[in-house]
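Note sheet for the following structure.
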Amino acid sequence: MEVYLLDGTYELFRHYYALPSARDQDGREVAAVRGVLASVLGMISGGATHVAVATDHVIESFRNGLWPGYKTSEGVEPELLAQFPLLEETLSSAGIVVWPMVEFEADDALAAGAVAAARDRRVDRVIICTPDKDLAQCVSGTRIVQLNRRTRVTIDEAGVIQKFGVPPGSIPDYLALVGDAADGYPGLAGWGAKSTAAVLAKFGHIEAIPADWRDWHVNATSASALAHTLSEQRDQALLFRTLATLRTDFALFEDVEQLRWNGPSDGFTELAARFDAAKTDPKRRGRP
């Protein structure tokens with residue numbers, strides 16, 4: 001048994017900017033939702049049996065209370081935001097399990113779902129479908145892997161180490177030091193990807209990094225300056241790590257069989273017909 005967990009927020013953004021506009025009979029923009037639906041049903045047609053999609057029902061989460069610069073819905077196009085509830089309704093009508101997140105984020109749901117599914121001995125592999133580097137922290141051996149559906153690249157634990165220079169368990173520390181512009185926190189000045197990977201590959205976590213750079217014995221540029229910055233901003237680095245650490249301490253399902261696709265609901269035919277009748281504008285949007 002393989003379990004597929006999809007980042008619905010990423011998929012909606014991706015299809016919104018990749019597809020021409022399409023409006024239903026009420027003038028509602030539906031192209032992105034229609035595209036995600038077709039994509040997920042295509043996975044099922046290709047053999048996926050257990051599927052769940054996580055969405056950011058509300059873009060803001062508990063992390064916004066921890067760091068004022070954390071990502072919000074500000075700047076997101078209204079017609080894109082308006083499609084989140086429609087996406088959740090549509091996927092549910094199609095018989096696909098949806099996890100709409102409010103307090104937590106879709107990434108948290110993917111992490112929590114992956115950990116829970118991997119505990120079931122019937123599950124051979126959990127496939128987290130997102131390119132988001134946050135989810136690399138959830139990869140475990142070859143049992144929990146990460147798939148970028150756009151590039152069709154799958155990475156296991158060895159792949160995470162090859163890509164980032166650190167194992168999955170150090171990814172939150174890595175992101176805390178390097179920063180994550182997409183999520184809205186800057187990391188620490190001077191801590192670039194290569195130096196951070198070199199230091200964390202040896203020490204694993206921020207707390208284990210010696211205060212004196214002369215005790216590092218790693219190939220890191222301007223090690224003395226990095227150590228000084230970390231000493232001055234350690235509390236901030238630990239806060240950033242909290243932002244980067246995905247939450248898995250909440251339950252999304254009791255049995256993995258709840259994720260099995262058993263076909264659409266009775267109302268799906270009518271919804272699908274509305275999508276089929278939507279009028280398409282041949283122009284494509286460009287990313288801002």
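Chain lettering (A, B, ...) mirrors the order of the structure tokens, residue numbering begins at 1 for each chain separately, and ligand numbering begins at 1 in order of display.
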
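Near Glu2 of chain A, within 6 Å and counting only C-alpha atoms, sit Val123, Asp124, Arg125 and Val126 of chain A, not including residues fewer than 4 positions from it in the same chain.
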
Would you save the residues from that selection as a PDB file, in the first residue's frame, using all heavy atoms?
```pdb
ATOM      1  N   VAL A 123       1.329  -0.122   5.338  1.00  0.00           N
ATOM      2  CA  VAL A 123       1.799   0.908   4.413  1.00  0.00           C
ATOM      3  C   VAL A 123       3.252   0.636   4.026  1.00  0.00           C
ATOM      4  O   VAL A 123       4.127   0.548   4.879  1.00  0.00           O
ATOM      5  CB  VAL A 123       1.676   2.310   5.049  1.00  0.00           C
ATOM      6  CG1 VAL A 123       2.285   3.377   4.137  1.00  0.00           C
ATOM      7  CG2 VAL A 123       0.214   2.632   5.342  1.00  0.00           C
ATOM      8  N   ASP A 124       3.486   0.497   2.731  1.00  0.00           N
ATOM      9  CA  ASP A 124       4.847   0.282   2.234  1.00  0.00           C
ATOM     10  C   ASP A 124       5.607   1.592   2.065  1.00  0.00           C
ATOM     11  O   ASP A 124       6.809   1.650   2.297  1.00  0.00           O
ATOM     12  CB  ASP A 124       4.810  -0.443   0.884  1.00  0.00           C
ATOM     13  CG  ASP A 124       4.198  -1.831   0.996  1.00  0.00           C
ATOM     14  OD1 ASP A 124       4.654  -2.604   1.848  1.00  0.00           O
ATOM     15  OD2 ASP A 124       3.246  -2.128   0.241  1.00  0.00           O
ATOM     16  N   ARG A 125       4.887   2.635   1.646  1.00  0.00           N
ATOM     17  CA  ARG A 125       5.557   3.906   1.396  1.00  0.00           C
ATOM     18  C   ARG A 125       4.564   5.051   1.497  1.00  0.00           C
ATOM     19  O   ARG A 125       3.427   4.940   1.061  1.00  0.00           O
ATOM     20  CB  ARG A 125       6.215   3.895   0.010  1.00  0.00           C
ATOM     21  CG  ARG A 125       7.150   5.056  -0.229  1.00  0.00           C
ATOM     22  CD  ARG A 125       8.027   4.848  -1.463  1.00  0.00           C
ATOM     23  NE  ARG A 125       7.255   4.835  -2.700  1.00  0.00           N
ATOM     24  CZ  ARG A 125       7.715   5.274  -3.878  1.00  0.00           C
ATOM     25  NH1 ARG A 125       8.954   5.730  -3.971  1.00  0.00           N
ATOM     26  NH2 ARG A 125       6.961   5.212  -4.953  1.00  0.00           N
ATOM     27  N   VAL A 126       5.014   6.152   2.091  1.00  0.00           N
ATOM     28  CA  VAL A 126       4.235   7.382   2.137  1.00  0.00           C
ATOM     29  C   VAL A 126       4.920   8.381   1.210  1.00  0.00           C
ATOM     30  O   VAL A 126       6.124   8.631   1.335  1.00  0.00           O
ATOM     31  CB  VAL A 126       4.159   7.961   3.560  1.00  0.00           C
ATOM     32  CG1 VAL A 126       3.337   9.248   3.561  1.00  0.00           C
ATOM     33  CG2 VAL A 126       3.568   6.948   4.523  1.00  0.00           C
TER      34      VAL A 126
END
```

Margin query: At a cut-off of 7 Å, using only C-alpha atoms, what residues contact segment 134-143 of chain A? Leave out same-chain residues fewer than 5 positions from it and give the result as a VMD selection string.
Written below: chain A and resid 107 111 124 to 126 156 to 157 160 168 to 169 171 to 172 244

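Among A:Lys71, A:Arg150, A:Arg214, A:Lys133, the residue with the shortest atom-to-atom distance to His228 of chain A, counting only C-alpha atoms, is A:Arg214.
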
Contacts of segment 30-117 of chain A with segment 274-277 of chain A up to 9 Å, shortest pair per row, only C-alpha atoms, as JSON lines:
```
{"residue": "A:Val30", "atom": "CA", "partner": "A:Phe275", "partner_atom": "CA", "distance": 7.2}
{"residue": "A:Ala31", "atom": "CA", "partner": "A:Phe275", "partner_atom": "CA", "distance": 8.3}
{"residue": "A:Arg34", "atom": "CA", "partner": "A:Phe275", "partner_atom": "CA", "distance": 6.6}
```

For Thr130 of chain A, the closest of A:Thr280, A:Thr245, A:Ser21, A:Thr9 counting only C-alpha atoms is A:Thr9

Please, what distance in Å, to one decimal, runs between atom CA of Thr196 of chain A and atom CA of Thr242 of chain A?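 Taking atom CA of Thr196 of chain A and atom CA of Thr242 of chain A, their separation equals 17.3 Å.
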
Next on the checklist: Please determine, counting only C-alpha atoms, which residue among A:Ile59, A:Ala272, A:Val40, A:Val166 has the shortest atom-to-atom distance to Gly204 of chain A.
Outcome noted: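 Smallest separation from Gly204 of chain A among the options: A:Val166.
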
Could you pull out all residues of segment 40-261 of chain A with a DSSP call of strand (DSSP E or B) and give them as a PyMOL selection string? chain A and resi 50-56+97-101+125-129+140+144-148+153-155+180+185+260

**Best match for closeness to Leu66 of chain A among A:Leu200, A:Ala211, A:Gly184, A:Asn262, counting only C-alpha atoms** =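 Going through A:Leu200, A:Ala211, A:Gly184, A:Asn262 one by one, the smallest distance to Leu66 of chain A is for A:Gly184.
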
Using only C-alpha atoms, determine which residues lie at most 10 Å from segment 249-259 of chain A, disregarding the query and same-chain residues fewer than 6 positions distant; provide the list as a ChimeraX atom specification. /A:1,3-5,49-53,95-99,104,108-113,115-120,122-123

- In terms of the shortest atom-to-atom distance over only C-alpha atoms, which of A:Trp191, A:Tyr70, A:Tyr185, A:Tyr10 is closest to Thr221 of chain A?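 Among the listed residues, the smallest separation from Thr221 of chain A belongs to A:Trp191.
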
Expressed in Å, the length from atom CA of Gln146 of chain A to atom CA of Gly159 of chain A is 9.4 Å

Give me, as a list in words, the residues of segment 55-144 of chain A that a backbone DSSP run labels alpha helix (DSSP H).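 Answer for segment 55-144 of chain A restricted to alpha helix (DSSP H) is Pro78, Glu79, Leu80, Leu81, Gln83, Phe84, Pro85, Leu86, Leu87, Glu88, Glu89, Thr90, Leu91, Ser92, Ser93, Ala106, Asp107, Asp108, Ala109, Leu110, Ala111, Ala112, Gly113, Ala114, Val115, Ala116, Ala117 and Ala118 of chain A.
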
Selection to disk with N, CA, C and O atoms, as a compact mmCIF listing (two decimals), in the first residue's frame:
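Just written: again-v9.txt:
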```
# COMPACT_ATOMS: atom_id res chain seq x y z
N PRO A 78 -7.21 37.97 -5.02
CA PRO A 78 -8.52 37.57 -4.48
C PRO A 78 -9.14 36.37 -5.20
O PRO A 78 -9.75 35.51 -4.57
N GLU A 79 -8.99 36.32 -6.53
CA GLU A 79 -9.59 35.21 -7.28
C GLU A 79 -8.88 33.88 -6.99
O GLU A 79 -9.47 32.82 -7.21
N LEU A 80 -7.65 33.95 -6.54
CA LEU A 80 -6.94 32.74 -6.12
C LEU A 80 -7.40 32.33 -4.73
O LEU A 80 -7.74 31.16 -4.48
N LEU A 81 -7.44 33.29 -3.81
CA LEU A 81 -7.90 32.99 -2.45
C LEU A 81 -9.32 32.43 -2.45
O LEU A 81 -9.64 31.52 -1.69
N GLN A 83 -10.70 30.54 -4.40
CA GLN A 83 -10.83 29.16 -4.89
C GLN A 83 -10.48 28.11 -3.83
O GLN A 83 -10.70 26.92 -4.06
N PHE A 84 -9.95 28.54 -2.69
CA PHE A 84 -9.63 27.55 -1.64
C PHE A 84 -10.87 26.82 -1.15
O PHE A 84 -10.90 25.59 -1.13
N PRO A 85 -11.94 27.54 -0.73
CA PRO A 85 -13.14 26.81 -0.29
C PRO A 85 -13.73 25.96 -1.41
O PRO A 85 -14.22 24.84 -1.16
N LEU A 86 -13.69 26.46 -2.63
CA LEU A 86 -14.23 25.70 -3.77
C LEU A 86 -13.39 24.44 -4.00
O LEU A 86 -13.95 23.38 -4.31
N LEU A 87 -12.07 24.55 -3.86
CA LEU A 87 -11.22 23.38 -4.02
C LEU A 87 -11.57 22.31 -3.00
O LEU A 87 -11.70 21.12 -3.34
N GLU A 88 -11.74 22.72 -1.75
CA GLU A 88 -12.06 21.77 -0.68
C GLU A 88 -13.41 21.11 -0.94
O GLU A 88 -13.55 19.89 -0.79
N GLU A 89 -14.39 21.91 -1.36
CA GLU A 89 -15.72 21.37 -1.67
C GLU A 89 -15.65 20.39 -2.84
O GLU A 89 -16.26 19.31 -2.81
N THR A 90 -14.90 20.76 -3.85
CA THR A 90 -14.83 19.94 -5.06
C THR A 90 -14.14 18.61 -4.80
O THR A 90 -14.63 17.55 -5.22
N LEU A 91 -13.01 18.65 -4.13
CA LEU A 91 -12.28 17.42 -3.85
C LEU A 91 -13.09 16.49 -2.95
O LEU A 91 -13.13 15.27 -3.16
N SER A 92 -13.74 17.06 -1.95
CA SER A 92 -14.59 16.25 -1.07
C SER A 92 -15.72 15.60 -1.86
O SER A 92 -16.04 14.43 -1.66
N SER A 93 -16.33 16.38 -2.78
CA SER A 93 -17.40 15.84 -3.59
C SER A 93 -16.89 14.72 -4.49
O SER A 93 -17.63 13.77 -4.80
N ALA A 106 -1.06 23.67 6.00
CA ALA A 106 -1.13 22.46 5.19
C ALA A 106 0.13 21.62 5.35
O ALA A 106 0.06 20.39 5.39
N ASP A 107 1.28 22.27 5.48
CA ASP A 107 2.53 21.54 5.68
C ASP A 107 2.49 20.71 6.95
O ASP A 107 3.02 19.60 7.01
N ASP A 108 1.89 21.27 8.01
CA ASP A 108 1.76 20.51 9.26
C ASP A 108 0.90 19.28 9.05
O ASP A 108 1.20 18.20 9.57
N ALA A 109 -0.18 19.44 8.30
CA ALA A 109 -1.06 18.30 8.04
C ALA A 109 -0.33 17.22 7.26
O ALA A 109 -0.48 16.02 7.54
N LEU A 110 0.46 17.63 6.26
CA LEU A 110 1.22 16.65 5.49
C LEU A 110 2.19 15.89 6.40
O LEU A 110 2.35 14.67 6.28
N ALA A 111 2.83 16.63 7.30
CA ALA A 111 3.79 16.00 8.22
C ALA A 111 3.08 15.06 9.18
O ALA A 111 3.51 13.92 9.38
N ALA A 112 1.99 15.53 9.79
CA ALA A 112 1.25 14.70 10.74
C ALA A 112 0.67 13.47 10.06
O ALA A 112 0.69 12.36 10.60
N GLY A 113 0.14 13.66 8.85
CA GLY A 113 -0.43 12.55 8.11
C GLY A 113 0.62 11.53 7.73
O GLY A 113 0.39 10.31 7.78
N ALA A 114 1.81 12.01 7.34
CA ALA A 114 2.89 11.10 6.94
C ALA A 114 3.36 10.25 8.11
O ALA A 114 3.55 9.04 7.98
N VAL A 115 3.55 10.89 9.24
CA VAL A 115 4.01 10.16 10.43
C VAL A 115 2.99 9.11 10.84
O VAL A 115 3.33 7.97 11.16
N ALA A 116 1.71 9.50 10.84
CA ALA A 116 0.66 8.56 11.24
C ALA A 116 0.54 7.39 10.26
O ALA A 116 0.41 6.23 10.68
N ALA A 117 0.60 7.69 8.97
CA ALA A 117 0.48 6.62 7.97
C ALA A 117 1.66 5.67 8.03
O ALA A 117 1.50 4.45 7.87
N ALA A 118 2.84 6.21 8.27
CA ALA A 118 4.05 5.38 8.30
C ALA A 118 4.07 4.42 9.49
O ALA A 118 4.78 3.42 9.47
```

Using atom CA of Leu147 of chain A and atom CA of Arg121 of chain A as the two end points, give the distance in Å to one decimal.
->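 These two atoms are separated by 21.4 Å.
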
For Tyr174 of chain A: contacts at 9 Å, only C-alpha atoms, fewer than 5 positions along chain excluded, given as a ChimeraX atom specification: /A:164,166,179,193,196-197,200,205-206,241

Neighbouring residues of Leu188 of chain A were defined as those with any atom within 7 Å, considering only C-alpha atoms; residues of the same chain fewer than 2 positions away were excluded. Please report them as a count of residues only.
5
